[in-house]
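**Q** First the structure, then my questions, so here it is.
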Amino acid sequence: MTRRAAVAAAVVLATAAAAAPAQAAKAPKLRAALDGIVAGGAPGAIMVVHSRGRTLRLASGLADRDARTPMRPGMHVRIASVTKTYTAAVVLQLVGEHKLRLGDSVQRWLPGLVPNGGNITVRQLLGHTSGLGDFEFDPRVLAPYLGGDLGYKWPPRKLAEIGAEQPLFFPPGQDIAYSNTNYVLLGLIVERVTGHSFGRELRQRLIRPLGLHETTFPTESALPSPFAHGYRVFDQPPAVDITGLYPYAWAAGAIVSTDEDVARFFRALLSGRVIGPRLLEKMQQGRLEHQVDFPGQRYGLGLISFPLGCGKAWGHNGDIPGYVTYAFSTRDGRRQMVLTINQDALSLPREAAQALGIALKRGFCGG
């Protein structure tokens with residue numbers, strides 16, 4: 001969910017040297033890059049590279065440190081804030097169906113939930129320009145989990161209320177600030193517009209039509225098998241297994257998937273099979289972000305453009321306790337790289353973060 005500056009410097013340094021995309025994936029170099037992440041202290045890593053109709057699947061390290069289970073391609077992970085692109089796609093489908101407008105206010109669909117909601121629009125929620133604070137910054141939200149109750153269930157509406165209680169970052173529309181509150185509100189708006197649960201809409205609109213057979217929107221802590229355990233270092237090593245964390249972020253970050261299914265989703269989205277060309281173009285029109293992984297990074301309507309040395313990548317990244325995922329695609333979705341580590345970015349050792357930067361460069365740029 002939250003993107004961490006701790007990884008940023010290593011990623012930027014590694015990607016800056018890339019000159020041009022390779023014509024084909026270099027499996028030995030990619031495998032070495034994943035091995036470097038593990039050698040740097042991460043439990044394990046998975047990478048999928050899709051190019052010219054071919055898919056390369058690689059893994060390194062361990063999915064379960066206690067059982068010594070090897071990491072394998074196709075294992076389920078929490079994709080965290082990569083979920084936001086899926087949520088945005090559902091919202092934009094409703095816009096395309098004229099059931100919702102980008103200019104609609106939060107107050108229209110969720111009356112009384114957000115102070116000043118009459119001046120905050122759906123478009124601003126999608127692009128993180130609402131100015132709303134992030135519920136994750138409130139200590140009440142993480143307190144149950146830090147206290148050991150990993151299965152504690154926050155109702156999405158309560159999280160939205162907590163987020164709305166936070167001080168505004170700025171007046172609506174005046175700047176950009178990443179906030180999970182925006183996407184929980186979008187999930188609630190989807191439910192209000194359709195009369196169905198957000199999970200149902202996600203399944204009916206994206207998961208089933210696109211054949212995302214390994215993708216779920218869980219309402220419990222358990223992950224489908226096979227899955228990679230997620231780890232986090234708190235005050236000091238060793239890393240703690242926190243796989244059982246309840247997916248409290250909901251529409252902002254709860255999806256469980258595989259790297260290959262994530263690539264399949266972005267390929268469908270960017271090739272125009274999910275929303276129409278006009279709305280896809282709006283989705284790709286981003287505003288310059290602050291304090292991000294890549295200088296010049298822009299956030300559109302649930303879609304990020306990452307400037308790399310070999311060109312621009314489109315997609316999203318996600319960081320939740322236990323997992324970090326990067327999903328990169330060319331604008332048309334023909335070349336892709338998805339990489340997941342089963343330890344979150346905040347607690348990755350410096351050496352693993354540096355190796356992550358190298359892996360991202362080699363995976364997408366072919367360097």
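Chain lettering (A, B, ...) mirrors the order of the structure tokens, residue numbering begins at 1 for each chain separately, and ligand numbering begins at 1 in order of display.
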Write out as a ChimeraX atom specification all residues of range 24-235 of chain A that DSSP puts in alpha helix (DSSP H) for this structure's backbone.
**A** /A:27-39,83-96,106-109,122-126,139-146,156-165,180-194,198-202
**Q** Which residues of range 172-212 of chain A come within 12 Å of range 89-93 of chain A, and what is each one's closest atom pair and distance in Å (one decimal), counting only C-alpha atoms, sorted by chain and residue number, as JSON lines?
**A**
```
{"residue": "A:Tyr183", "atom": "CA", "partner": "A:Val91", "partner_atom": "CA", "distance": 10.3}
{"residue": "A:Leu185", "atom": "CA", "partner": "A:Val91", "partner_atom": "CA", "distance": 11.2}
{"residue": "A:Leu186", "atom": "CA", "partner": "A:Val91", "partner_atom": "CA", "distance": 7.4}
{"residue": "A:Gly187", "atom": "CA", "partner": "A:Val91", "partner_atom": "CA", "distance": 8.4}
{"residue": "A:Leu188", "atom": "CA", "partner": "A:Val91", "partner_atom": "CA", "distance": 10.7}
{"residue": "A:Ile189", "atom": "CA", "partner": "A:Val91", "partner_atom": "CA", "distance": 8.5}
{"residue": "A:Val190", "atom": "CA", "partner": "A:Val91", "partner_atom": "CA", "distance": 6.6}
{"residue": "A:Glu191", "atom": "CA", "partner": "A:Val91", "partner_atom": "CA", "distance": 10.3}
{"residue": "A:Arg192", "atom": "CA", "partner": "A:Val91", "partner_atom": "CA", "distance": 11.6}
{"residue": "A:Val193", "atom": "CA", "partner": "A:Val91", "partner_atom": "CA", "distance": 9.8}
{"residue": "A:Thr194", "atom": "CA", "partner": "A:Val91", "partner_atom": "CA", "distance": 10.6}
{"residue": "A:Phe198", "atom": "CA", "partner": "A:Val90", "partner_atom": "CA", "distance": 9.2}
{"residue": "A:Gly199", "atom": "CA", "partner": "A:Val90", "partner_atom": "CA", "distance": 10.6}
{"residue": "A:Arg200", "atom": "CA", "partner": "A:Val90", "partner_atom": "CA", "distance": 10.9}
{"residue": "A:Glu201", "atom": "CA", "partner": "A:Val90", "partner_atom": "CA", "distance": 7.4}
{"residue": "A:Leu202", "atom": "CA", "partner": "A:Val90", "partner_atom": "CA", "distance": 6.8}
{"residue": "A:Arg203", "atom": "CA", "partner": "A:Val90", "partner_atom": "CA", "distance": 10.0}
{"residue": "A:Gln204", "atom": "CA", "partner": "A:Val90", "partner_atom": "CA", "distance": 9.8}
{"residue": "A:Arg205", "atom": "CA", "partner": "A:Val90", "partner_atom": "CA", "distance": 6.9}
{"residue": "A:Leu206", "atom": "CA", "partner": "A:Val90", "partner_atom": "CA", "distance": 7.7}
{"residue": "A:Ile207", "atom": "CA", "partner": "A:Val90", "partner_atom": "CA", "distance": 10.9}
```
**Q** For range 264-271 of chain A, find every residue with an atom within 8 Å (counting only C-alpha atoms), except residues of its own chain fewer than 5 positions away, and show them as a list in words.
**A**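 Counting only the stated atoms, we get Leu210, Leu212, Leu280, Gly315, Ser329, Arg331, Asp332, Gly333 and Arg334 of chain A.
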**Q** Please write the residues from the selection above to a file, keeping all heavy atoms, as a short mmCIF file (atom, residue, chain, number, x, y, z; two decimals), in the first residue's frame.
**A**
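As a result, result-v8.cif now contains:
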```cif
data_model
loop_
_atom_site.label_atom_id
_atom_site.label_comp_id
_atom_site.auth_asym_id
_atom_site.auth_seq_id
_atom_site.Cartn_x
_atom_site.Cartn_y
_atom_site.Cartn_z
N LEU A 210 -11.83 -11.65 -17.66
CA LEU A 210 -10.44 -11.65 -18.11
C LEU A 210 -9.72 -12.96 -17.83
O LEU A 210 -8.54 -13.10 -18.15
CB LEU A 210 -9.68 -10.49 -17.44
CG LEU A 210 -10.23 -9.09 -17.72
CD1 LEU A 210 -9.38 -8.05 -17.01
CD2 LEU A 210 -10.30 -8.80 -19.21
N LEU A 212 -8.94 -14.31 -14.93
CA LEU A 212 -7.95 -14.18 -13.85
C LEU A 212 -8.23 -15.25 -12.79
O LEU A 212 -8.67 -14.97 -11.67
CB LEU A 212 -8.01 -12.77 -13.25
CG LEU A 212 -7.86 -11.61 -14.25
CD1 LEU A 212 -7.95 -10.27 -13.53
CD2 LEU A 212 -6.56 -11.73 -15.03
N LEU A 280 -9.42 5.26 -21.03
CA LEU A 280 -8.06 4.77 -20.84
C LEU A 280 -7.06 5.91 -20.98
O LEU A 280 -6.08 6.00 -20.23
CB LEU A 280 -7.75 3.66 -21.85
CG LEU A 280 -6.36 3.04 -21.75
CD1 LEU A 280 -6.10 2.45 -20.37
CD2 LEU A 280 -6.18 1.96 -22.83
N GLY A 315 1.78 1.13 -14.89
CA GLY A 315 1.35 0.09 -13.96
C GLY A 315 1.12 0.65 -12.58
O GLY A 315 0.59 1.75 -12.41
N SER A 329 4.44 -2.24 -17.41
CA SER A 329 4.07 -2.59 -18.78
C SER A 329 4.38 -1.42 -19.69
O SER A 329 4.37 -0.27 -19.26
CB SER A 329 2.57 -2.91 -18.89
OG SER A 329 2.18 -4.01 -18.11
N ARG A 331 3.12 1.03 -22.77
CA ARG A 331 1.81 1.68 -22.87
C ARG A 331 0.76 0.78 -23.51
O ARG A 331 -0.42 0.84 -23.16
CB ARG A 331 1.93 2.99 -23.66
CG ARG A 331 0.68 3.85 -23.58
CD ARG A 331 0.84 5.15 -24.36
NE ARG A 331 -0.34 5.99 -24.18
CZ ARG A 331 -0.36 7.12 -23.50
NH1 ARG A 331 0.74 7.57 -22.92
NH2 ARG A 331 -1.48 7.83 -23.39
N ASP A 332 1.18 -0.10 -24.44
CA ASP A 332 0.24 -0.99 -25.09
C ASP A 332 0.16 -2.36 -24.43
O ASP A 332 -0.58 -3.24 -24.87
CB ASP A 332 0.59 -1.16 -26.57
CG ASP A 332 2.00 -1.70 -26.79
OD1 ASP A 332 2.67 -2.06 -25.81
OD2 ASP A 332 2.43 -1.73 -27.96
N GLY A 333 0.95 -2.58 -23.38
CA GLY A 333 0.90 -3.84 -22.65
C GLY A 333 1.61 -5.00 -23.30
O GLY A 333 1.53 -6.13 -22.83
N ARG A 334 2.38 -4.74 -24.37
CA ARG A 334 3.03 -5.85 -25.08
C ARG A 334 4.30 -6.34 -24.39
O ARG A 334 4.72 -7.46 -24.61
CB ARG A 334 3.33 -5.42 -26.52
CG ARG A 334 2.08 -5.21 -27.36
CD ARG A 334 2.42 -4.88 -28.79
NE ARG A 334 1.20 -4.68 -29.58
CZ ARG A 334 1.19 -4.36 -30.87
NH1 ARG A 334 2.35 -4.23 -31.52
NH2 ARG A 334 0.05 -4.20 -31.51
#
```
**Q** Go ahead and compute the interatomic distance for CA of Ala355 in chain A and CA of Asp66 in chain A, in Å to one decimal.
**A** 23.8 Å
**Q** Could you give me, as a Markdown table, a per-residue list for range 94-144 of chain A showing, wherever an atom lies at most 12 Å from an atom of range 226-246 of chain A, the closest pair of atoms and their distance in Å to one decimal, using only C-alpha atoms and sorting by chain then residue number from low to high?
**A**
```
| residue | atom | partner | partner_atom | distance |
| --- | --- | --- | --- | --- |
| A:Val141 | CA | A:Tyr246 | CA | 11.9 |
| A:Leu142 | CA | A:Leu245 | CA | 10.7 |
| A:Pro144 | CA | A:Leu245 | CA | 10.4 |
```
**Q** Would you save the residues from that selection as a PDB file, in the first residue's frame, using N, CA and C atoms?
**A**
```pdb
ATOM      1  N   VAL A 141      -5.527   2.321  13.628  1.00  0.00           N
ATOM      2  CA  VAL A 141      -5.741   1.334  12.566  1.00  0.00           C
ATOM      3  C   VAL A 141      -4.797   0.152  12.705  1.00  0.00           C
ATOM      4  N   LEU A 142      -3.525   0.421  12.933  1.00  0.00           N
ATOM      5  CA  LEU A 142      -2.548  -0.669  13.018  1.00  0.00           C
ATOM      6  C   LEU A 142      -2.421  -1.252  14.419  1.00  0.00           C
ATOM      7  N   PRO A 144      -4.388  -2.961  16.503  1.00  0.00           N
ATOM      8  CA  PRO A 144      -4.739  -4.380  16.745  1.00  0.00           C
ATOM      9  C   PRO A 144      -3.699  -5.336  16.175  1.00  0.00           C
TER      10      PRO A 144
END
```
**Q** What does the structure give for the distance between CA of Arg157 in chain A and CA of Ser221 in chain A, in Å to one decimal?
**A**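 Result for CA of Arg157 in chain A versus CA of Ser221 in chain A: 18.9 Å, one decimal.
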**Q** List as a ChimeraX atom specification the protein and nucleic acid residues near Arg108 in chain A, meaning an atom at most 10 Å away when only C-alpha atoms are counted, but skip any in the same chain fewer than 4 places from it.
**A** /A:104,112,117-118,121,189
**Q** Using only C-alpha atoms, pick whichever of A:Val274, A:Met71, A:Ala313, A:Ala251 has the shortest atom-to-atom distance to Gly296 in chain A.
**A**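 Looking at the shortest contact to Gly296 in chain A, the residue is A:Ala313.
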**Q** Please provide the set of residues having any atom within 7 Å of Arg287 in chain A, restricted to only C-alpha atoms, with same-chain residues fewer than 3 positions apart removed, written as a PyMOL selection string.
**A** chain A and resi 298-300
**Q** Which residue gives the smallest distance to Val256 in chain A among A:His128, A:Lys312, A:Lys361, A:His76, with only C-alpha atoms counted?
**A** A:His76
**Q** Here is a test: counting only C-alpha atoms, which residue of A:Asn119, A:Asn180, A:Thr85, A:Gln284 is nearest to Gly103 in chain A?
**A**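 Using only C-alpha atoms, the shortest distance to Gly103 in chain A belongs to A:Asn119.
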**Q** Can you measure CA of Tyr323 in chain A to CA of Gly131 in chain A for me? One decimal in Å is fine.
**A**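 Distance between the two atoms: 27.0 Å.
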**Q** Write out as a ChimeraX atom specification which residues come within 9 Å of range 39-53 of chain A when counting only C-alpha atoms, dropping same-chain ones fewer than 4 positions away.
**A** /A:23-25,30-31,34-35,57-65,70-75,228,230-231,239,259-260,263,334-343,348-355,359,363-364
**Q** Could you write out that same residue set with N, CA and C atoms as a compact mmCIF listing (two decimals), in the first residue's frame?
**A**
```
# COMPACT_ATOMS: atom_id res chain seq x y z
N GLN A 23 15.66 -7.34 -26.89
CA GLN A 23 14.70 -7.97 -27.78
C GLN A 23 14.12 -9.24 -27.17
N ALA A 24 14.82 -9.83 -26.25
CA ALA A 24 14.32 -11.05 -25.59
C ALA A 24 14.82 -11.07 -24.16
N ALA A 25 14.06 -11.75 -23.29
CA ALA A 25 14.45 -11.82 -21.88
C ALA A 25 15.75 -12.61 -21.74
N LEU A 30 18.37 -12.48 -15.33
CA LEU A 30 17.20 -12.27 -14.47
C LEU A 30 17.26 -13.18 -13.26
N ARG A 31 17.65 -14.41 -13.47
CA ARG A 31 17.77 -15.34 -12.34
C ARG A 31 18.83 -14.84 -11.36
N LEU A 34 17.34 -12.04 -9.27
CA LEU A 34 16.49 -12.52 -8.19
C LEU A 34 17.34 -13.14 -7.08
N ASP A 35 18.33 -13.89 -7.47
CA ASP A 35 19.22 -14.48 -6.47
C ASP A 35 19.89 -13.39 -5.64
N ARG A 57 9.04 -17.24 -16.51
CA ARG A 57 8.68 -17.30 -15.09
C ARG A 57 9.90 -17.73 -14.28
N LEU A 58 10.24 -16.97 -13.25
CA LEU A 58 11.41 -17.25 -12.45
C LEU A 58 11.10 -17.06 -10.97
N ALA A 59 11.84 -17.76 -10.13
CA ALA A 59 11.69 -17.61 -8.68
C ALA A 59 13.01 -17.91 -8.01
N SER A 60 13.18 -17.38 -6.80
CA SER A 60 14.40 -17.62 -6.03
C SER A 60 14.06 -17.56 -4.55
N GLY A 61 14.80 -18.27 -3.74
CA GLY A 61 14.63 -18.20 -2.30
C GLY A 61 13.51 -19.07 -1.77
N LEU A 62 12.95 -18.67 -0.65
CA LEU A 62 11.98 -19.48 0.07
C LEU A 62 10.61 -18.82 0.16
N ALA A 63 9.58 -19.64 0.01
CA ALA A 63 8.21 -19.19 0.24
C ALA A 63 7.82 -19.32 1.70
N ASP A 64 8.46 -20.26 2.41
CA ASP A 64 8.20 -20.49 3.82
C ASP A 64 9.53 -20.82 4.48
N ARG A 65 10.01 -19.92 5.29
CA ARG A 65 11.33 -20.12 5.91
C ARG A 65 11.33 -21.27 6.90
N PRO A 70 10.60 -24.00 -1.14
CA PRO A 70 11.16 -23.11 -2.16
C PRO A 70 10.10 -22.19 -2.75
N MET A 71 10.50 -20.98 -3.08
CA MET A 71 9.62 -20.09 -3.83
C MET A 71 9.48 -20.62 -5.25
N ARG A 72 8.25 -20.58 -5.76
CA ARG A 72 7.99 -21.06 -7.12
C ARG A 72 7.10 -20.08 -7.86
N PRO A 73 7.28 -19.96 -9.18
CA PRO A 73 6.36 -19.15 -9.96
C PRO A 73 4.92 -19.66 -9.78
N GLY A 74 3.98 -18.74 -9.79
CA GLY A 74 2.58 -19.12 -9.66
C GLY A 74 2.08 -19.16 -8.24
N MET A 75 2.93 -18.84 -7.26
CA MET A 75 2.46 -18.79 -5.88
C MET A 75 1.65 -17.51 -5.64
N ALA A 228 2.96 -17.83 -0.99
CA ALA A 228 4.21 -17.45 -0.36
C ALA A 228 3.91 -16.77 0.96
N GLY A 230 4.40 -14.22 3.96
CA GLY A 230 4.90 -12.85 3.97
C GLY A 230 5.62 -12.54 5.28
N TYR A 231 6.73 -11.80 5.18
CA TYR A 231 7.59 -11.54 6.35
C TYR A 231 7.83 -10.05 6.53
N ALA A 239 13.05 -11.67 10.75
CA ALA A 239 11.76 -11.33 10.18
C ALA A 239 10.67 -12.21 10.79
N ASP A 259 1.83 -13.31 -9.96
CA ASP A 259 2.46 -12.33 -10.85
C ASP A 259 1.95 -12.48 -12.28
N GLU A 260 1.72 -13.69 -12.71
CA GLU A 260 1.26 -13.90 -14.08
C GLU A 260 -0.15 -13.37 -14.29
N ALA A 263 0.07 -9.60 -14.61
CA ALA A 263 0.49 -9.23 -15.96
C ALA A 263 -0.68 -9.37 -16.94
N ARG A 334 2.38 -4.74 -24.37
CA ARG A 334 3.03 -5.85 -25.08
C ARG A 334 4.30 -6.34 -24.39
N ARG A 335 4.92 -5.48 -23.61
CA ARG A 335 6.10 -5.90 -22.85
C ARG A 335 5.85 -5.62 -21.38
N GLN A 336 6.09 -6.62 -20.54
CA GLN A 336 5.70 -6.52 -19.14
C GLN A 336 6.72 -7.17 -18.21
N MET A 337 6.72 -6.70 -16.98
CA MET A 337 7.50 -7.31 -15.91
C MET A 337 6.73 -7.13 -14.61
N VAL A 338 6.53 -8.22 -13.89
CA VAL A 338 5.93 -8.17 -12.56
C VAL A 338 6.88 -8.87 -11.60
N LEU A 339 7.20 -8.21 -10.51
CA LEU A 339 8.14 -8.76 -9.53
C LEU A 339 7.56 -8.61 -8.14
N THR A 340 7.62 -9.70 -7.37
CA THR A 340 7.14 -9.69 -5.99
C THR A 340 8.22 -10.25 -5.06
N ILE A 341 8.38 -9.62 -3.92
CA ILE A 341 9.23 -10.11 -2.84
C ILE A 341 8.33 -10.37 -1.64
N ASN A 342 8.54 -11.48 -0.94
CA ASN A 342 7.69 -11.78 0.21
C ASN A 342 8.25 -11.20 1.51
N GLN A 343 8.66 -9.95 1.43
CA GLN A 343 8.98 -9.11 2.58
C GLN A 343 8.74 -7.67 2.13
N LEU A 348 12.99 -4.28 4.18
CA LEU A 348 14.02 -4.95 3.37
C LEU A 348 15.41 -4.47 3.77
N PRO A 349 16.37 -5.37 3.92
CA PRO A 349 17.75 -4.93 4.13
C PRO A 349 18.22 -4.09 2.95
N ARG A 350 19.16 -3.21 3.20
CA ARG A 350 19.65 -2.31 2.16
C ARG A 350 20.16 -3.10 0.94
N GLU A 351 20.87 -4.18 1.20
CA GLU A 351 21.42 -4.97 0.09
C GLU A 351 20.32 -5.56 -0.78
N ALA A 352 19.22 -5.99 -0.15
CA ALA A 352 18.10 -6.54 -0.91
C ALA A 352 17.41 -5.44 -1.72
N ALA A 353 17.30 -4.24 -1.13
CA ALA A 353 16.69 -3.12 -1.85
C ALA A 353 17.52 -2.74 -3.07
N GLN A 354 18.83 -2.75 -2.93
CA GLN A 354 19.69 -2.46 -4.07
C GLN A 354 19.54 -3.51 -5.16
N ALA A 355 19.47 -4.77 -4.76
CA ALA A 355 19.28 -5.85 -5.73
C ALA A 355 17.91 -5.77 -6.39
N ALA A 359 17.05 -5.82 -10.39
CA ALA A 359 16.08 -6.76 -10.95
C ALA A 359 14.99 -6.03 -11.75
N GLY A 363 14.49 -6.76 -15.58
CA GLY A 363 13.21 -7.36 -15.93
C GLY A 363 12.45 -6.59 -16.98
N PHE A 364 12.42 -5.24 -16.83
CA PHE A 364 11.64 -4.45 -17.79
C PHE A 364 12.47 -3.97 -18.97
```
**Q** Considering only C-alpha atoms, can you say which of A:Val77, A:Leu146, A:Ala160, A:Leu223 comes closest to Val106 in chain A?
**A**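 Closest residue, counting only C-alpha atoms: A:Ala160.
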**Q** Using only C-alpha atoms, which of the listed residues (A:Met283, A:Val184, A:Ala327, A:Ile162) sits closest to Phe135 in chain A?
**A**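 Using only C-alpha atoms, the shortest distance to Phe135 in chain A belongs to A:Ile162.
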**Q** Find the residue from A:Val122, A:Ala88, A:Ile37, A:Ala27 that sits nearest to His316 in chain A; use only C-alpha atoms when measuring.
**A**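 With only C-alpha atoms as the atom set, the closest residue is A:Ala88.
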**Q** Identify, with DSSP run on backbone atoms, the residues in range 176-366 of chain A assigned to strand (DSSP E), and express the list as a VMD selection string.
**A** chain A and resid 231 to 232 240 to 241 256 to 257 287 to 288 298 to 299 304 to 308 311 to 320 323 to 329 335 to 341
